[in-house]
Every structure is written in C-alpha cells, then in structure tokens.
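A.B. asks: So that you have it, the file is my_file.cif, and it contains mmCIF, C-alpha atoms:
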data_upload
loop_
_atom_site.label_atom_id
_atom_site.label_comp_id
_atom_site.auth_asym_id
_atom_site.auth_seq_id
_atom_site.Cartn_x
_atom_site.Cartn_y
_atom_site.Cartn_z
CA ASN W 5 32.19 77.20 153.13
CA THR W 6 31.88 80.47 155.01
CA VAL W 7 30.17 81.14 158.33
CA GLY W 8 27.31 82.83 156.50
CA GLY W 9 26.98 80.37 153.63
CA GLY W 10 27.50 77.13 155.50
CA GLY W 11 23.85 76.08 155.14
CA VAL W 12 23.71 75.99 151.34
CA TYR W 13 22.50 72.57 150.16
CA PRO W 14 24.06 70.14 149.46
CA ILE W 15 26.35 70.95 152.37
CA ALA W 16 30.04 70.31 151.80
CA ASP W 17 31.30 67.69 154.23
CA LEU W 18 34.43 65.57 153.89
CA HIS W 19 33.65 63.38 156.95
CA GLU W 20 36.77 61.23 157.54
CA LEU W 21 38.08 61.60 153.97
CA ASP W 22 37.47 57.91 153.24
CA GLY W 23 37.56 58.58 149.53
CA PHE W 24 41.04 60.07 149.76
CA ARG W 25 42.26 57.37 152.15
CA THR W 26 41.32 54.64 149.66
CA GLY W 27 42.57 56.52 146.63
CA PHE W 28 39.00 56.74 145.30
CA SER W 29 39.05 53.04 144.47
CA ARG W 30 35.73 51.64 143.28
CA PRO W 31 33.01 51.80 144.43
CA ILE W 32 34.03 54.92 146.40
CA GLN W 33 33.49 58.03 144.26
CA MET W 34 33.30 60.88 146.76
CA ALA W 35 35.73 62.43 149.23
CA ASP W 36 33.49 61.38 152.11
CA GLY W 37 33.38 57.76 150.92
CA TYR W 38 29.77 57.78 149.68
CA GLY W 39 28.17 57.47 146.24
CA PHE W 40 28.46 60.19 143.64
CA ASP W 41 26.46 63.40 143.99
CA GLY W 42 27.47 65.97 141.40
CA ALA W 43 26.44 69.09 143.30
CA LYS W 44 28.00 67.90 146.55
CA ALA W 45 31.18 66.84 144.73
CA TYR W 46 31.44 70.42 143.46
CA ASN W 47 30.95 71.86 146.94
CA ASP W 48 33.38 69.37 148.47
CA SER W 49 36.02 70.34 145.92
CA LYS W 50 35.73 73.99 146.97
CA LEU W 51 36.09 73.01 150.61
CA CYS W 52 39.21 71.01 149.74
CA LEU W 53 40.72 73.94 147.84
CA MET W 54 40.15 76.36 150.71
CA MET W 55 41.63 73.93 153.23
CA LEU W 56 44.64 73.30 151.01
CA ALA W 57 45.26 77.04 150.60
CA ASN W 58 45.20 77.46 154.39
CA PHE W 59 47.50 74.49 154.91
CA LEU W 60 50.04 75.77 152.39
CA HIS W 61 49.85 79.17 154.09
CA THR W 62 50.75 77.58 157.42
CA LYS W 63 53.43 75.36 155.90
CA TYR W 64 55.23 77.75 153.58
CA HIS W 65 54.25 81.41 153.97
CA LYS W 66 56.68 82.39 156.72
CA THR W 67 59.65 80.73 155.03
CA THR W 68 58.93 81.80 151.45
CA GLY W 69 56.90 85.00 151.67
CA ILE W 70 54.42 83.53 149.18
CA ALA W 71 50.77 84.45 149.87
CA PHE W 72 48.33 81.53 149.79
CA SER W 73 44.69 82.62 149.62
CA SER W 74 41.31 81.58 148.26
CA MET W 75 38.49 83.68 146.83
CA TYR W 76 34.80 83.61 145.96
CA PRO W 77 34.32 85.38 142.61
CA GLY W 78 30.51 85.21 142.80
CA CYS W 79 27.85 83.15 141.08
CA ILE W 80 28.93 82.93 137.44
CA ALA W 81 25.45 81.88 136.34
CA GLU W 82 26.08 81.95 132.58
CA SER W 83 29.23 79.82 132.56
CA PRO W 84 29.41 76.29 131.07
CA LEU W 85 29.25 74.97 134.64
CA PHE W 86 25.49 74.51 134.18
CA ARG W 87 25.71 73.03 130.66
CA GLU W 88 24.06 69.75 131.73
CA LYS W 89 21.16 71.40 133.54
CA ARG W 90 17.69 71.52 131.98
CA ALA W 91 17.05 74.23 129.41
CA TRP W 92 14.58 76.10 131.65
CA PHE W 93 17.17 76.26 134.43
CA ARG W 94 19.88 77.63 132.13
CA LYS W 95 17.45 80.29 130.92
CA TYR W 96 15.97 81.47 134.22
CA PHE W 97 18.77 80.92 136.73
CA PRO W 98 20.84 83.92 135.49
CA ILE W 99 17.70 86.08 135.60
CA PHE W 100 17.00 84.94 139.15
CA MET W 101 20.56 85.73 140.23
CA LYS W 102 20.51 89.15 138.54
CA PHE W 103 17.19 90.53 139.73
CA ILE W 104 16.21 88.53 142.83
CA THR W 105 19.37 87.71 144.78
CA GLY W 106 21.70 90.26 143.17
CA GLY W 107 24.44 87.65 143.23
CA PHE W 108 25.01 87.38 139.47
CA VAL W 109 28.58 87.90 138.29
CA SER W 110 29.70 87.67 134.67
CA GLU W 111 32.71 85.64 133.59
CA HIS W 112 34.50 88.89 132.75
CA GLU W 113 33.92 90.37 136.19
CA ALA W 114 34.95 87.13 137.89
CA GLY W 115 38.20 87.31 135.94
CA GLN W 116 38.72 90.88 137.14
CA ARG W 117 38.36 89.69 140.71
CA LEU W 118 40.96 86.98 140.22
CA PHE W 119 43.27 89.64 138.78
CA GLN W 120 42.62 91.86 141.80
CA VAL W 121 43.63 89.14 144.27
CA VAL W 122 46.89 88.69 142.35
CA HIS W 123 47.58 92.39 141.74
CA ASP W 124 46.04 94.47 144.56
CA PRO W 125 48.57 95.32 147.33
CA ARG W 126 45.80 94.77 149.88
CA CYS W 127 45.79 91.09 148.91
CA VAL W 128 49.40 90.50 149.88
CA LYS W 129 48.08 89.10 153.16
CA SER W 130 48.23 85.31 153.22
CA GLY W 131 45.75 82.77 154.58
CA VAL W 132 42.70 84.84 153.61
CA TYR W 133 39.40 84.01 151.91
CA TRP W 134 38.58 87.03 149.75
CA SER W 135 35.02 88.10 148.89
CA TRP W 136 33.22 91.23 147.64
CA ASN W 137 30.42 93.26 149.21
CA GLY W 138 27.46 94.81 147.43
CA GLY W 139 25.63 93.97 144.21
CA PRO W 140 27.37 93.09 140.95
CA ARG W 141 28.64 95.73 138.57
CA GLU W 142 27.14 94.22 135.46
CA GLY W 143 23.82 92.91 134.16
CA ARG W 144 21.29 94.45 136.58
CA GLY W 145 20.09 97.39 134.54
CA ALA W 146 19.92 101.08 135.34
CA GLU W 147 19.38 100.48 139.06
CA ALA W 148 22.88 99.03 139.41
CA ILE W 149 24.76 102.34 139.59
CA GLU W 150 28.33 102.28 140.84
CA LYS W 151 28.99 104.61 143.77
CA GLY W 152 32.56 104.70 145.05
CA GLY W 153 33.15 101.03 144.41
CA GLN W 154 29.80 99.95 145.91
CA ILE W 155 26.60 99.15 144.08
CA SER W 156 23.06 100.06 145.11
CA GLY W 157 20.42 97.36 145.21
CA GLY W 158 20.51 93.74 146.30
CA GLY W 159 23.52 92.18 147.97
CA GLY W 160 25.05 88.86 147.03
CA ALA W 161 28.56 88.39 145.79
CA GLY W 162 28.98 91.55 143.76
CA GLY W 163 30.78 94.83 144.31
CA GLY W 164 33.57 96.90 142.80
CA TRP W 165 37.32 96.96 143.36
CA ASP W 166 37.05 98.70 146.74
CA SER W 167 34.44 96.34 148.16
CA ILE W 168 36.83 93.42 148.64
CA PHE W 169 36.99 92.08 152.19
CA GLU W 170 38.31 89.18 154.25
CA ASN W 171 35.44 86.73 154.65
CA ASP W 172 34.97 84.48 157.68
CA GLN W 173 35.73 80.84 156.96
CA SER W 174 33.63 78.03 158.34
CA SER W 175 34.76 75.66 161.08
CA LYS W 176 35.10 72.91 158.47
CA VAL W 177 37.56 74.99 156.46
CA LEU W 178 39.55 75.75 159.63
CA ASN W 179 39.73 72.11 160.78
CA VAL W 180 43.49 71.68 160.68
CA ASP W 181 43.43 67.95 161.47
CA THR W 182 41.29 67.25 158.40
CA ALA W 183 43.45 69.65 156.39
CA TYR W 184 46.57 67.69 157.29
CA THR W 185 44.93 64.40 156.29
CA LEU W 186 43.74 66.01 153.06
CA PHE W 187 47.24 67.25 152.26
CA THR W 188 49.00 63.95 152.96
CA THR W 189 46.48 61.72 151.19
CA ALA W 190 46.19 64.02 148.17
CA THR W 191 49.99 64.13 147.94
CA ARG W 192 50.13 60.34 147.98
CA ILE W 193 47.43 60.02 145.31
CA THR W 194 48.92 62.61 142.95
CA GLY W 195 52.60 61.95 143.62
CA ALA W 196 53.12 65.69 144.18
CA GLU W 197 56.52 66.81 145.41
CA TRP W 198 56.75 69.74 147.83
CA PRO W 199 59.76 71.94 148.63
CA TYR W 200 61.77 70.94 151.68
CA GLU W 201 61.74 73.63 154.34
CA GLN W 202 65.27 74.65 155.24
CA SER W 203 64.42 76.70 158.33
CA GLU W 204 65.15 74.99 161.67
CA HIS W 205 61.85 76.20 163.08
CA TYR W 206 59.63 75.20 160.19
CA THR W 207 60.79 71.72 159.19
CA ASN W 208 58.21 68.95 158.68
CA TYR W 209 55.38 70.21 160.83
CA VAL W 210 51.64 70.01 160.98
CA PRO W 211 49.27 72.49 162.64
CA VAL W 212 47.32 71.77 165.80
CA SER W 213 43.55 72.06 166.17
CA SER W 214 42.17 75.21 167.72
CA SER W 215 38.76 76.63 168.43
CA SER W 216 40.08 80.10 167.65
CA LYS W 217 39.44 81.64 164.23
CA HIS W 218 43.14 82.55 164.10
CA THR W 219 44.29 78.97 163.67
CA ASN W 220 47.18 79.98 161.44
CA GLU W 221 49.02 81.76 164.26
CA LEU W 222 51.32 78.90 165.21
CA GLU W 223 54.76 78.67 166.77
CA ILE W 224 56.68 75.64 165.50
CA LYS W 225 59.74 74.19 167.26
CA LYS W 226 61.83 71.19 166.28
CA SER W 227 62.58 68.59 168.96
CA THR W 228 65.65 66.33 169.02
CA THR W 229 65.14 64.82 172.47
CA THR W 230 63.43 61.61 171.28
CA THR W 231 64.45 58.82 168.96
CA THR W 232 61.37 59.44 166.81
CA PRO W 233 61.50 62.82 165.03
CA VAL W 234 58.75 65.07 166.36
CA VAL W 235 57.74 68.69 166.27
CA GLN W 236 56.29 70.75 169.07
CA VAL W 237 53.36 72.84 167.83
CA THR W 238 52.16 75.70 170.01
CA ASP W 239 48.95 77.54 169.17
CA MET W 240 49.65 81.15 170.17
CA THR W 241 45.93 81.99 170.28
CA ASN W 242 45.08 79.69 173.19
CA SER W 243 48.51 78.56 174.47
CA THR W 244 47.95 74.89 173.72
CA THR W 245 50.85 72.66 172.76
CA THR W 246 50.91 69.37 170.87
CA VAL W 247 53.87 67.12 170.07
CA VAL W 248 53.39 65.47 166.67
CA PRO W 249 55.46 62.55 165.29
CA VAL W 250 56.96 63.24 161.87
CA SER W 251 57.51 60.68 159.14
CA THR W 252 60.99 60.85 157.63
CA THR W 253 60.17 58.62 154.65
#
As a first step, turn the structure in this file into structure tokens.

C.D. replies:
Amino acid sequence: NTVGGGGVYPIADLHELDGFRTGFSRPIQMADGYGFDGAKAYNDSKLCLMMLANFLHTKYHKTTGIAFSSMYPGCIAESPLFREKRAWFRKYFPIFMKFITGGFVSEHEAGQRLFQVVHDPRCVKSGVYWSWNGGPREGRGAEAIEKGGQISGGGGAGGGWDSIFENDQSSKVLNVDTAYTLFTTATRITGAEWPYEQSEHYTNYVPVSSSSKHTNELEIKKSTTTTTPVVQVTDMTNSTTTVVPVSTT
C-alpha cells in the first residue's frame, strides 16, 4: 500500500466497497464484494487501516491534537500469521527473508518499532505512514553490523531507531472518497460512536479528492445558507472547492 510496494500480489483493492455496503451479508465475503481470498483479505485489511488512520487524522487531529498514523513494522516471518501454511514454507520463508531480501524482522523488533512510533518525539506528526530504512537488526549473522542506526547488507524493512522515515502512500490509500465511504459504512456495521466536533470550522465534514500527495491539507468551512446542512471543503494544495451535503441523523 505504498508507492514502492503497490505491485505486491495479491494487490489490495477495495473497488466500490460492495462488501461494506451490504454489511458482508452472504455470499459476499470480501470488502470488494467478491469471494474469499485469504491473502487478499489480509492486504485489503491493511489498506483499510491506513485509510482509516488518514481519515481520522483529517477529521480529528486539528481539534484534538491527537496524532493518527500507521506503520509498517517489517515482515515478521516467524509469527503465527503463517501457521496454516505448509511446513516447508514455514521453515524456509524466514530464511529467505533473512538472507535473500533482508526484510526479516523479529516479533521483538517489530514491537520496538511500535513503541518508537508511540514514544519518539519525531512521530508526533499526524497523518504519516512510518517505515524503516536498511536491513534488520536481528537474525542476519555477523554481516548485519549496526552502524549509527543503519545496517549494512540487504535492504527491506529493517533498520535501527534512527532509520525511521515517512513513507509515500499509494493513490489507493490517499483516495479520500473511498476513505469516507469506508468510514461511514464501517461505522454503521460496527455501531461505533465518534466524538462530536465542537469547533465551528470542523463540524461534520468529509475531505475532497485531490491528485496531490498532500490530501490532508484541507480548509473546512461550515455553511448555513441552504436548508440542507452542508460543508464547504477547500483543498489548499490545488485550490479546489467542493460543497458536500451532511447528514444530521
């Protein structure tokens, strides 16, 4: 779900969110409305989480100061995630990730990265997808020598504390129209209740689509000139404005 990793099969794709729109009623089992595919369901779930983090950033960050971000801890190849895979895969996949791709990350190191996103002052920025440069710190033998937070050898998802960076998110993650549909349908399915925004300028709004990578830079204004409650959404990155009806129920 990044610009660089968008071609990993099976490709995450929510299409029109038919699964969410129907409440995943049988026979629909996937977010895109198609039959079940375990690997794609996993990828789709990550796409949904990244989109939701971005949407909550746009909806609540300026009024609450809470940072909403997502992260890629790396390929945790020895976790129970692969418990239903064939025995040969469970044996050789971690080896492949350690010595061929350099993308192996242990469960312990992945936990350290989650802690870093919560604790590191650099991660106070909201609306970011955090990743790490360099090879992993653990499990690659004597060649994997830490040097100032970076690791020599293959790349992948590894790297020390100082190799954290803001990764580029794919166009699918930044699709704000799909994100709004995801948020509203998921809220309906789960019955989740969200805080009411008290600020005059940030009450009941949705973002507007933009081709710019800075889609979170939005100016929101409340309109009272029509009988139907609406909000005026201006994208500051390309000066486009959209008036969006707002449901009051």

A.B. asks: Using CA of Asn171 (chain W) and CA of Phe103 (chain W) as the two end points, give the distance in Å to one decimal.

C.D. replies: 23.9 Å

A.B. asks: Quote the spacing between CA of Gly23 (chain W) and CA of Asp36 (chain W) in Å to one decimal place.

C.D. replies: 5.6 Å

A.B. asks: Enumerate, as a compact mmCIF listing (two decimals) with C-alpha atoms, in the coordinates of the input, the residues matched when the PyMOL selection byres ((chain W and resi 110) around 8) is run on the file above.

C.D. replies:
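That gives us out27.txt:
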# COMPACT_ATOMS: atom_id res chain seq x y z
CA ILE W 80 28.93 82.93 137.44
CA ALA W 81 25.45 81.88 136.34
CA GLU W 82 26.08 81.95 132.58
CA PHE W 108 25.01 87.38 139.47
CA VAL W 109 28.58 87.90 138.29
CA GLU W 111 32.71 85.64 133.59
CA HIS W 112 34.50 88.89 132.75
CA GLU W 113 33.92 90.37 136.19
CA ALA W 114 34.95 87.13 137.89
CA GLU W 142 27.14 94.22 135.46
CA GLY W 143 23.82 92.91 134.16

A.B. asks: On this structure, the PyMOL selection byres ((chain W and resi 99) around 12) would catch which residues? List them as a list in words, sorted by chain and number.

C.D. replies: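 Residues picked by the PyMOL selection byres ((chain W and resi 99) around 12): Cys79, Ile80, Ala81, Glu82, Trp92, Phe93, Arg94, Lys95, Tyr96, Phe97, Pro98, Phe100, Met101, Lys102, Phe103, Ile104, Thr105, Gly106, Gly107, Phe108, Val109, Gly143, Arg144 and Gly145 of chain W.
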
A.B. asks: So which one's closest to Pro125 (chain W), W:Ala71, W:Tyr38, W:Gln173, W:Phe187? Using only C-alpha atoms, please.

C.D. replies: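 Selected residue with least distance to Pro125 (chain W): W:Ala71.
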
A.B. asks: Under the rule that all atoms listed in the file are counted, which of W:Tyr200, W:His65, W:Phe86, W:Met34 is the nearest residue to Lys129 (chain W)?

C.D. replies: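 When distances to Lys129 (chain W) are compared using all atoms listed in the file, the smallest one comes from W:His65.
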
A.B. asks: From the options W:Tyr13, W:Tyr76, W:Phe119, W:Trp136, which residue's atoms come nearest to Ala45 (chain W), counting only C-alpha atoms?

C.D. replies: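 Once distances to Ala45 (chain W) are computed over only C-alpha atoms, the minimum belongs to W:Tyr13.
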
A.B. asks: One decimal, Å: what's the distance from CA of Asp166 (chain W) over to CA of Val132 (chain W), could you say?

C.D. replies: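 The value is 16.5 Å.
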